[in-house]
Amino acid sequence: MPEIARDSVGLVTPQTAHFDDPLDLACGMTLPAYDLVYETYGTLNAERSNAVLICHALSGHHHAAGYHDAEERKPGWWDAHIGPGKSIDTERFFVVSLNNLGGCHGSTGPASLNPETGRLWGPEFPMMTVGDWVHSQARLADRLGIERFAAVIGGSLGGMQALQWSLSYPERVASAAVIAATPRLSAQNIAFNEVARQAIRSDPEFHDGWYAEHSAIPRRGLKLARMVGHITYLSADAMGHKFGRDLRSDEFNFGYGVEFQVESYLRYQGDTFSTSFDANTYLLMTKALDYFDPASLHDGDLAQALAPARCPFLVASFTTDWRFPPSRSRELVDALIRAGKPVSYANIDSRHGHDAFLMPEPRYQAVFAAFMSRVARDLGLEDSP
Amino acid sequence: MNRADLKLIHEWVPQGAHILDLACGDGTLLDALARDKGVTGYGLEIDSEGITACVAKGVNVIEQNIDDGLANFDDQACDLVVMTQALQALRRPDRALDEMFRVADEAIITFPNFAYWRHRVHLGIRGYMPVSKSLPHAWYDTPNIHLSTFNDFEQLCRDKGLIIVDRAVGIGDHEGHWTSRLWPNLFGEIAIFRVTRG
């Protein structure tokens with residue numbers, strides 16, 4: 001761990017909440033009992049009005065800010081935006097960040113024990129939807145005594161959860177920030193997800209999802225899935241800038257080993273991921289992405305689907321994001337306008353593609369911080385300037 | 001609000017109106033209208049600092065270029081469209097007017113008058129493109145690519161069958177000194193037009 005910066009939340013300890021009330025899921029199954037692992041940063045005020053929920057993306061988890069211990073090399077995944085004086089100011093807000101159900105970082109998921117069979121859940125873990133996650137998050141809020149969130153915030157798949165919150169629990173959301181997201185995946189998005197799934201499922205070590213019982217890990221499949229995914233997270237420009245056509249050695253080897261730096265980078269990313277992420281979780285998370293489509297219940301009319309929302313929205317996209325490009329955020333913004341909802345939209349110049357939502361970028365930080373200060377002012381969390 | 005044109009628009013916008021503010025800047029007008037008159041609506045802006053200022057105020061702002069049209073706003077979506085000091089910077093002001101009168105029946109528009117006497121002196125006597133308080137840019141870096149005069153604008157409104165229901169003219173540096181008397185096309189530096197669909 002590097003020396004803790006002044007604007008870091010510092011050392012944090014994950015907590016676990018156990019739930020015994022069964023959770024009915026969109027797929028028709030019921031989760032009889034489950035654990036949710038979460039972290040909190042900042043202090044819940046006496047009125048319990050300053051809570052902010054952070055929703056994570058495909059490969060995210062509860063560890064959004066700070067460090068777990070002195071050995072940790074990198075802080076939580078959204079440390080650029082959560083901390084004292086940062087966009088989500090922990091001196092003002094009480095931040096809750098959890099690992100979603102089906103995850104592989106401590107919340108109940110495919111690698112947990114299924115009490116009914118005595119086996120690990122494995123591939124039998126129920127398919128989760130964004131709506132199911134939101135319901136489970138609402139129960140965590142109940143447990144923490146939070147009736148209404150000052151803001152529900154997420155990027156990418158996390159942004160979909162923030163949007164779903166505003167529809168499922170409009171009275172419990174004072175504001176929502178939907179960043180680098182989309183109201184539904186495109187055919188191309190689903191296609192990339194399917195390539196990732198096939199890479200995993202066709203790995204001989206996958207064993208139809210029962211790899212744990214075979215003491216195996218479908219490493220090659222996970223690695224390929226991550227490599228393909230990673231390409232879609234970066235922009236062509238960012239990749240070109242970072243690697244160009246740089247070679248690892250001075251000349252071509254005329255072989256299939258690693259020659260170009262970009263190959264080396266992708267293999268490294270894939271290898272790291274394949275030893276730290278669960279294959280069944282990855283499959284399930286990509287399906288949750290594919291299924292998300294609030295307009296589908298309203299004949300494809302997104303504006304109608306957004307009717308229940310009551311909170312102001314911040315929608316932000318990034319110019320070089322080609323996974324969920326600005327046009328997809330505009331779809332959401334236009335539907336919010338048609339539905340007469342309060343919304344602000346910023347399309348932020350960045351060369352970092354989809355991953356830009358994770359990074360510090362002066363304009364991104366300025367708009368984000370402005371939105372959060374407005375949220376604080378509306379709720380009387382600070383004196384009006 | 002310090003800008004005299006905004007003060008007058010503030011008076012003209014009816015209580016509780018749903019409006020669209022094209023090129024809303026830092027959201028000052030929408031913010032004041034929301035607080036003082038219960039006005040709702042959206043602002044469009046492309047300047048990043050303006051957008052951030054709007055978001056901080058709680059003004060609904062959409063990053064959108066007016067030149068790309070207003071297709072995301074339905075016909076008759078608003079009561080009123082406001083456009084201050086942007087007409088002259090648009091690629092096709094005439095098409096923007098068409099769009100404005102598709103989404104609303106009424107518009108309030110302000111722009112600098114190229115026929116203002118000081119501008120005429122600059123161009124007609126000294127032979128230079130005018131630079132003034134209302135036209136502060138040099139010819140080579142100005143965003144104002146479609147400068148016009150009050151007469152030009154009134155002609156365009158007539159051609160489009162639009163009716164000018166109110167007009168006020170700002171003269172010189174005297175903020176709040178608005179009049180519609182006496183040769184406005186010569187003495188008016190900035191005008192506010194209130195226009196309705198015929």
# chains A, B, ... in the order shown; residues from 1 in each chain; ligands from 1
>>> residues_around(residues="region 110-114 of chain B", least_positions_apart="4", cutoff="9 Å", atoms="only C-alpha atoms", output="JSON list (two decimals) with N, CA and C atoms, in the first residue's frame")
[["chain", "number", "residue", "atom", "x", "y", "z"],
["B", 5, "ASP", "N", -30.85, 42.00, -20.80],
["B", 5, "ASP", "CA", -31.77, 41.22, -21.64],
["B", 5, "ASP", "C", -32.43, 40.11, -20.82],
["B", 82, "VAL", "N", -36.57, 29.95, -25.50],
["B", 82, "VAL", "CA", -35.77, 31.15, -25.32],
["B", 82, "VAL", "C", -34.41, 30.93, -25.96],
["B", 83, "MET", "N", -33.94, 31.92, -26.70],
["B", 83, "MET", "CA", -32.59, 31.82, -27.25],
["B", 83, "MET", "C", -31.90, 33.18, -27.14],
["B", 84, "THR", "N", -30.93, 33.26, -26.24],
["B", 84, "THR", "CA", -30.25, 34.54, -26.05],
["B", 84, "THR", "C", -28.85, 34.47, -26.64],
["B", 85, "GLN", "N", -28.56, 35.42, -27.52],
["B", 85, "GLN", "CA", -27.20, 35.62, -28.03],
["B", 85, "GLN", "C", -26.61, 34.36, -28.67],
["B", 86, "ALA", "N", -27.44, 33.62, -29.40],
["B", 86, "ALA", "CA", -26.93, 32.41, -30.05],
["B", 86, "ALA", "C", -27.28, 32.36, -31.54],
["B", 87, "LEU", "N", -28.33, 33.07, -31.93],
["B", 87, "LEU", "CA", -28.81, 33.01, -33.31],
["B", 87, "LEU", "C", -27.69, 33.25, -34.31],
["B", 88, "GLN", "N", -26.84, 34.24, -33.98],
["B", 88, "GLN", "CA", -25.79, 34.65, -34.93],
["B", 88, "GLN", "C", -24.65, 33.65, -35.01],
["B", 119, "HIS", "N", -21.35, 50.03, -35.08],
["B", 119, "HIS", "CA", -20.87, 49.02, -36.03],
["B", 119, "HIS", "C", -20.76, 49.62, -37.43],
["B", 120, "ARG", "N", -21.74, 50.46, -37.75],
["B", 120, "ARG", "CA", -21.72, 51.10, -39.08],
["B", 120, "ARG", "C", -20.49, 52.01, -39.22],
["B", 130, "PRO", "N", -16.65, 45.39, -37.33],
["B", 130, "PRO", "CA", -16.93, 45.99, -36.03],
["B", 130, "PRO", "C", -16.51, 45.10, -34.85],
["B", 134, "SER", "N", -21.06, 44.16, -27.71],
["B", 134, "SER", "CA", -21.95, 43.06, -28.10],
["B", 134, "SER", "C", -21.31, 42.14, -29.14],
["B", 135, "LEU", "N", -20.26, 42.62, -29.80],
["B", 135, "LEU", "CA", -19.52, 41.78, -30.77],
["B", 135, "LEU", "C", -18.04, 41.85, -30.42],
["B", 147, "LEU", "N", -24.13, 37.11, -38.76],
["B", 147, "LEU", "CA", -24.56, 38.39, -38.21],
["B", 147, "LEU", "C", -25.69, 38.95, -39.06],
["B", 148, "SER", "N", -26.60, 39.63, -38.38],
["B", 148, "SER", "CA", -27.73, 40.19, -39.10],
["B", 148, "SER", "C", -28.17, 41.47, -38.40],
["B", 149, "THR", "N", -29.10, 42.14, -39.04],
["B", 149, "THR", "CA", -29.64, 43.37, -38.46],
["B", 149, "THR", "C", -31.07, 43.10, -38.01],
["B", 150, "PHE", "N", -31.61, 44.05, -37.26],
["B", 150, "PHE", "CA", -32.99, 43.90, -36.82],
["B", 150, "PHE", "C", -33.91, 43.80, -38.03],
["B", 185, "ASN", "N", -33.08, 50.15, -35.61],
["B", 185, "ASN", "CA", -32.06, 49.46, -36.41],
["B", 185, "ASN", "C", -30.75, 50.25, -36.44],
["B", 186, "LEU", "N", -30.85, 51.54, -36.10],
["B", 186, "LEU", "CA", -29.65, 52.36, -36.08],
["B", 186, "LEU", "C", -29.09, 52.50, -34.66],
["B", 188, "GLY", "N", -30.16, 50.67, -31.83],
["B", 188, "GLY", "CA", -30.23, 49.52, -30.95],
["B", 188, "GLY", "C", -29.01, 48.62, -31.09],
["B", 189, "GLU", "N", -28.42, 48.27, -29.97],
["B", 189, "GLU", "CA", -27.24, 47.38, -30.03],
["B", 189, "GLU", "C", -27.67, 45.92, -29.89],
["B", 190, "ILE", "N", -28.60, 45.68, -28.97],
["B", 190, "ILE", "CA", -29.12, 44.32, -28.77],
["B", 190, "ILE", "C", -30.65, 44.42, -28.75],
["B", 191, "ALA", "N", -31.31, 43.47, -29.36],
["B", 191, "ALA", "CA", -32.77, 43.50, -29.32],
["B", 191, "ALA", "C", -33.30, 42.20, -28.75],
["B", 192, "ILE", "N", -34.46, 42.32, -28.13],
["B", 192, "ILE", "CA", -35.20, 41.14, -27.71],
["B", 192, "ILE", "C", -36.48, 41.11, -28.51],
["B", 193, "PHE", "N", -36.67, 40.02, -29.21],
["B", 193, "PHE", "CA", -37.90, 39.84, -29.98],
["B", 193, "PHE", "C", -38.75, 38.76, -29.32],
["B", 194, "ARG", "N", -40.03, 39.06, -29.22],
["B", 194, "ARG", "CA", -40.96, 38.03, -28.77],
["B", 194, "ARG", "C", -41.82, 37.69, -29.98]]
>>> closest_atom_pairs(of="chain B", to="chain A", cutoff="8 Å", atoms="only C-alpha atoms", output="CSV")
residue,atom,partner,partner_atom,distance
B:Ser48,CA,A:Arg363,CA,7.5
B:Ile51,CA,A:Ala346,CA,7.4
B:Thr52,CA,A:Val367,CA,5.0
B:Ala53,CA,A:Ala370,CA,7.4
B:Val55,CA,A:Phe371,CA,5.6
B:Ala56,CA,A:Ala370,CA,4.4
B:Lys57,CA,A:Arg374,CA,6.5
B:Gly58,CA,A:Arg374,CA,6.1
B:Val59,CA,A:Ser344,CA,7.7
B:Asn60,CA,A:Ser344,CA,4.9
B:Val61,CA,A:Ser344,CA,4.6
B:Ile62,CA,A:Tyr345,CA,4.7
B:Glu63,CA,A:Ala346,CA,5.4
B:Asn72,CA,A:Asp334,CA,5.6
B:Phe73,CA,A:Arg338,CA,7.1
B:Asp74,CA,A:Arg338,CA,7.5
>>> write_last_selection(atoms="N, CA and C atoms", output="PDB file, in the first residue's frame")
ATOM      1  N   SER B  48     -18.552  23.425 -21.747  1.00  0.00           N
ATOM      2  CA  SER B  48     -18.444  22.506 -20.608  1.00  0.00           C
ATOM      3  C   SER B  48     -18.539  23.219 -19.261  1.00  0.00           C
ATOM      4  N   ILE B  51     -22.144  23.968 -18.608  1.00  0.00           N
ATOM      5  CA  ILE B  51     -22.871  22.751 -18.227  1.00  0.00           C
ATOM      6  C   ILE B  51     -22.631  22.427 -16.754  1.00  0.00           C
ATOM      7  N   THR B  52     -21.382  22.487 -16.328  1.00  0.00           N
ATOM      8  CA  THR B  52     -21.078  22.204 -14.932  1.00  0.00           C
ATOM      9  C   THR B  52     -21.790  23.197 -14.005  1.00  0.00           C
ATOM     10  N   ALA B  53     -21.803  24.478 -14.405  1.00  0.00           N
ATOM     11  CA  ALA B  53     -22.468  25.493 -13.586  1.00  0.00           C
ATOM     12  C   ALA B  53     -23.969  25.210 -13.477  1.00  0.00           C
ATOM     13  N   VAL B  55     -25.408  22.218 -13.736  1.00  0.00           N
ATOM     14  CA  VAL B  55     -25.586  21.033 -12.899  1.00  0.00           C
ATOM     15  C   VAL B  55     -25.478  21.418 -11.422  1.00  0.00           C
ATOM     16  N   ALA B  56     -24.542  22.297 -11.100  1.00  0.00           N
ATOM     17  CA  ALA B  56     -24.368  22.731  -9.711  1.00  0.00           C
ATOM     18  C   ALA B  56     -25.603  23.481  -9.216  1.00  0.00           C
ATOM     19  N   LYS B  57     -26.232  24.229 -10.113  1.00  0.00           N
ATOM     20  CA  LYS B  57     -27.430  24.987  -9.722  1.00  0.00           C
ATOM     21  C   LYS B  57     -28.673  24.106  -9.644  1.00  0.00           C
ATOM     22  N   GLY B  58     -28.592  22.912 -10.227  1.00  0.00           N
ATOM     23  CA  GLY B  58     -29.783  22.077 -10.296  1.00  0.00           C
ATOM     24  C   GLY B  58     -30.642  22.416 -11.503  1.00  0.00           C
ATOM     25  N   VAL B  59     -30.059  23.109 -12.463  1.00  0.00           N
ATOM     26  CA  VAL B  59     -30.762  23.404 -13.720  1.00  0.00           C
ATOM     27  C   VAL B  59     -30.589  22.205 -14.653  1.00  0.00           C
ATOM     28  N   ASN B  60     -31.687  21.738 -15.254  1.00  0.00           N
ATOM     29  CA  ASN B  60     -31.598  20.628 -16.214  1.00  0.00           C
ATOM     30  C   ASN B  60     -30.893  21.102 -17.469  1.00  0.00           C
ATOM     31  N   VAL B  61     -29.726  20.557 -17.711  1.00  0.00           N
ATOM     32  CA  VAL B  61     -28.975  20.981 -18.892  1.00  0.00           C
ATOM     33  C   VAL B  61     -28.595  19.760 -19.720  1.00  0.00           C
ATOM     34  N   ILE B  62     -28.766  19.867 -21.027  1.00  0.00           N
ATOM     35  CA  ILE B  62     -28.433  18.770 -21.931  1.00  0.00           C
ATOM     36  C   ILE B  62     -27.301  19.239 -22.830  1.00  0.00           C
ATOM     37  N   GLU B  63     -26.230  18.460 -22.880  1.00  0.00           N
ATOM     38  CA  GLU B  63     -25.143  18.803 -23.797  1.00  0.00           C
ATOM     39  C   GLU B  63     -25.603  18.472 -25.206  1.00  0.00           C
ATOM     40  N   ASN B  72     -35.063  15.539 -30.430  1.00  0.00           N
ATOM     41  CA  ASN B  72     -35.412  14.857 -29.186  1.00  0.00           C
ATOM     42  C   ASN B  72     -36.511  15.584 -28.409  1.00  0.00           C
ATOM     43  N   PHE B  73     -36.992  16.691 -28.945  1.00  0.00           N
ATOM     44  CA  PHE B  73     -38.132  17.364 -28.324  1.00  0.00           C
ATOM     45  C   PHE B  73     -39.339  17.232 -29.258  1.00  0.00           C
ATOM     46  N   ASP B  74     -40.416  16.755 -28.705  1.00  0.00           N
ATOM     47  CA  ASP B  74     -41.625  16.522 -29.504  1.00  0.00           C
ATOM     48  C   ASP B  74     -42.229  17.841 -29.975  1.00  0.00           C
TER      49      ASP B  74
END
>>> select_by_dssp(residues="region 2-185 of chain A", states="helix (DSSP H, G or I)", output="MDAnalysis selection string")
chainID A and resid 122:124 130:143 157:168 170:172
>>> write_last_selection(atoms="C-alpha atoms", output="PDB file, in the first residue's frame")
ATOM      1  CA  GLY A 122     -22.003 -23.909  -9.308  1.00  0.00           C
ATOM      2  CA  PRO A 123     -23.955 -23.616 -12.571  1.00  0.00           C
ATOM      3  CA  GLU A 124     -27.220 -24.127 -10.639  1.00  0.00           C
ATOM      4  CA  VAL A 130     -30.568  -6.043 -12.548  1.00  0.00           C
ATOM      5  CA  GLY A 131     -34.011  -5.909 -10.896  1.00  0.00           C
ATOM      6  CA  ASP A 132     -33.102  -8.786  -8.544  1.00  0.00           C
ATOM      7  CA  TRP A 133     -29.923  -7.005  -7.512  1.00  0.00           C
ATOM      8  CA  VAL A 134     -31.853  -3.831  -6.789  1.00  0.00           C
ATOM      9  CA  HIS A 135     -34.293  -5.747  -4.558  1.00  0.00           C
ATOM     10  CA  SER A 136     -31.401  -7.304  -2.639  1.00  0.00           C
ATOM     11  CA  GLN A 137     -29.745  -3.887  -2.305  1.00  0.00           C
ATOM     12  CA  ALA A 138     -32.993  -2.482  -0.893  1.00  0.00           C
ATOM     13  CA  ARG A 139     -32.899  -5.144   1.807  1.00  0.00           C
ATOM     14  CA  LEU A 140     -29.357  -4.155   2.664  1.00  0.00           C
ATOM     15  CA  ALA A 141     -30.568  -0.556   2.922  1.00  0.00           C
ATOM     16  CA  ASP A 142     -33.329  -1.709   5.305  1.00  0.00           C
ATOM     17  CA  ARG A 143     -30.724  -3.467   7.395  1.00  0.00           C
ATOM     18  CA  LEU A 157     -23.794  -2.238 -15.514  1.00  0.00           C
ATOM     19  CA  GLY A 158     -23.800  -0.214 -12.275  1.00  0.00           C
ATOM     20  CA  GLY A 159     -25.559   2.621 -14.096  1.00  0.00           C
ATOM     21  CA  MET A 160     -28.289   0.194 -15.112  1.00  0.00           C
ATOM     22  CA  GLN A 161     -28.822  -0.605 -11.421  1.00  0.00           C
ATOM     23  CA  ALA A 162     -29.029   3.106 -10.577  1.00  0.00           C
ATOM     24  CA  LEU A 163     -31.650   3.506 -13.312  1.00  0.00           C
ATOM     25  CA  GLN A 164     -33.564   0.445 -12.099  1.00  0.00           C
ATOM     26  CA  TRP A 165     -33.576   1.832  -8.542  1.00  0.00           C
ATOM     27  CA  SER A 166     -35.357   4.949  -9.753  1.00  0.00           C
ATOM     28  CA  LEU A 167     -38.065   2.748 -11.287  1.00  0.00           C
ATOM     29  CA  SER A 168     -38.387  -0.010  -8.675  1.00  0.00           C
ATOM     30  CA  PRO A 170     -38.793   5.784  -6.722  1.00  0.00           C
ATOM     31  CA  GLU A 171     -39.610   6.907  -3.187  1.00  0.00           C
ATOM     32  CA  ARG A 172     -36.267   5.635  -1.922  1.00  0.00           C
TER      33      ARG A 172
END
>>> residues_around(residues="Arg201 (chain A)", least_positions_apart="3", cutoff="12 Å", atoms="only C-alpha atoms", output="list of chain:residue names")
A:Pro123, A:Glu194, A:Val195, A:Ala196, A:Arg197, A:Gln198, A:Pro204, A:Glu205, A:Phe206, A:His207, A:Asp208, A:Gly209, A:Trp210, A:Tyr211, A:Ile217, A:Pro218, A:Arg219, A:Arg220, A:Gly221, A:Leu222, A:Leu224, A:Ala225, A:Ala279, A:Asn280, A:Tyr282, A:Leu283
>>> write_last_selection(atoms="C-alpha atoms", output="mmCIF file, in the first residue's frame")
data_model
loop_
_atom_site.group_PDB
_atom_site.id
_atom_site.type_symbol
_atom_site.label_atom_id
_atom_site.label_comp_id
_atom_site.auth_asym_id
_atom_site.auth_seq_id
_atom_site.Cartn_x
_atom_site.Cartn_y
_atom_site.Cartn_z
ATOM 1 C CA PRO A 123 -23.955 -23.616 -12.571
ATOM 2 C CA GLU A 194 -21.760 -14.433 -26.261
ATOM 3 C CA VAL A 195 -18.192 -14.773 -27.518
ATOM 4 C CA ALA A 196 -17.008 -14.410 -23.928
ATOM 5 C CA ARG A 197 -19.479 -17.006 -22.705
ATOM 6 C CA GLN A 198 -18.580 -19.476 -25.439
ATOM 7 C CA PRO A 204 -12.578 -28.480 -21.337
ATOM 8 C CA GLU A 205 -11.881 -27.449 -17.739
ATOM 9 C CA PHE A 206 -15.355 -25.887 -17.469
ATOM 10 C CA HIS A 207 -17.107 -29.251 -16.818
ATOM 11 C CA ASP A 208 -20.540 -27.725 -17.473
ATOM 12 C CA GLY A 209 -19.914 -25.316 -14.639
ATOM 13 C CA TRP A 210 -18.957 -27.982 -12.052
ATOM 14 C CA TYR A 211 -15.248 -27.218 -12.380
ATOM 15 C CA ILE A 217 -10.528 -23.790 -13.282
ATOM 16 C CA PRO A 218 -11.475 -22.930 -16.881
ATOM 17 C CA ARG A 219 -8.518 -20.554 -17.075
ATOM 18 C CA ARG A 220 -8.126 -20.444 -20.817
ATOM 19 C CA GLY A 221 -11.802 -19.664 -21.312
ATOM 20 C CA LEU A 222 -11.821 -16.923 -18.697
ATOM 21 C CA LEU A 224 -10.124 -15.305 -23.646
ATOM 22 C CA ALA A 225 -13.365 -13.839 -22.302
ATOM 23 C CA ALA A 279 -16.252 -18.356 -14.400
ATOM 24 C CA ASN A 280 -19.886 -18.949 -13.374
ATOM 25 C CA TYR A 282 -18.758 -13.997 -15.248
ATOM 26 C CA LEU A 283 -21.369 -15.947 -17.223
#
>>> closest_residue(among="B:Asp21, B:Asp94, B:Glu45, B:Asp67", to="Asp79 (chain B)", atoms="only C-alpha atoms")
B:Asp21
>>> select_by_dssp(residues="region 149-280 of chain A", states="strand (DSSP E or B)", output="list in words")
Phe149, Ala151, Val152, Ile153, Gly154, Gly155, Val173, Ala176, Ala177, Val178, Ile179, Leu247 and Phe260 of chain A
>>> residues_around(residues="Leu101 (chain A)", least_positions_apart="6", cutoff="9 Å", atoms="only C-alpha atoms", output="list in words")
Tyr34, Asp35, Leu36, Ser107, Thr108, Gly109, Met128, Asp132, Trp133 and Ser136 of chain A
>>> residues_around(residues="Tyr128 (chain B)", least_positions_apart="5", cutoff="12 Å", atoms="only C-alpha atoms", output="ChimeraX atom specification")
/B:118-123,138-139
>>> write_last_selection(atoms="N, CA and C atoms", output="short mmCIF file (atom, residue, chain, number, x, y, z; two decimals), in the first residue's frame")
data_model
loop_
_atom_site.label_atom_id
_atom_site.label_comp_id
_atom_site.auth_asym_id
_atom_site.auth_seq_id
_atom_site.Cartn_x
_atom_site.Cartn_y
_atom_site.Cartn_z
N ARG B 118 -22.63 52.28 -34.12
CA ARG B 118 -21.18 52.15 -33.88
C ARG B 118 -20.57 51.12 -34.84
N HIS B 119 -21.35 50.03 -35.08
CA HIS B 119 -20.87 49.02 -36.03
C HIS B 119 -20.76 49.62 -37.43
N ARG B 120 -21.74 50.46 -37.75
CA ARG B 120 -21.72 51.10 -39.08
C ARG B 120 -20.49 52.01 -39.22
N VAL B 121 -20.16 52.67 -38.12
CA VAL B 121 -18.99 53.56 -38.15
C VAL B 121 -17.73 52.73 -38.41
N HIS B 122 -17.64 51.62 -37.64
CA HIS B 122 -16.49 50.72 -37.81
C HIS B 122 -16.32 50.32 -39.26
N LEU B 123 -17.41 49.81 -39.83
CA LEU B 123 -17.33 49.25 -41.17
C LEU B 123 -17.39 50.34 -42.25
N ALA B 138 -12.61 39.25 -32.69
CA ALA B 138 -12.00 39.62 -33.96
C ALA B 138 -12.63 38.79 -35.08
N TRP B 139 -12.56 39.30 -36.31
CA TRP B 139 -13.24 38.63 -37.42
C TRP B 139 -12.80 37.18 -37.62
#
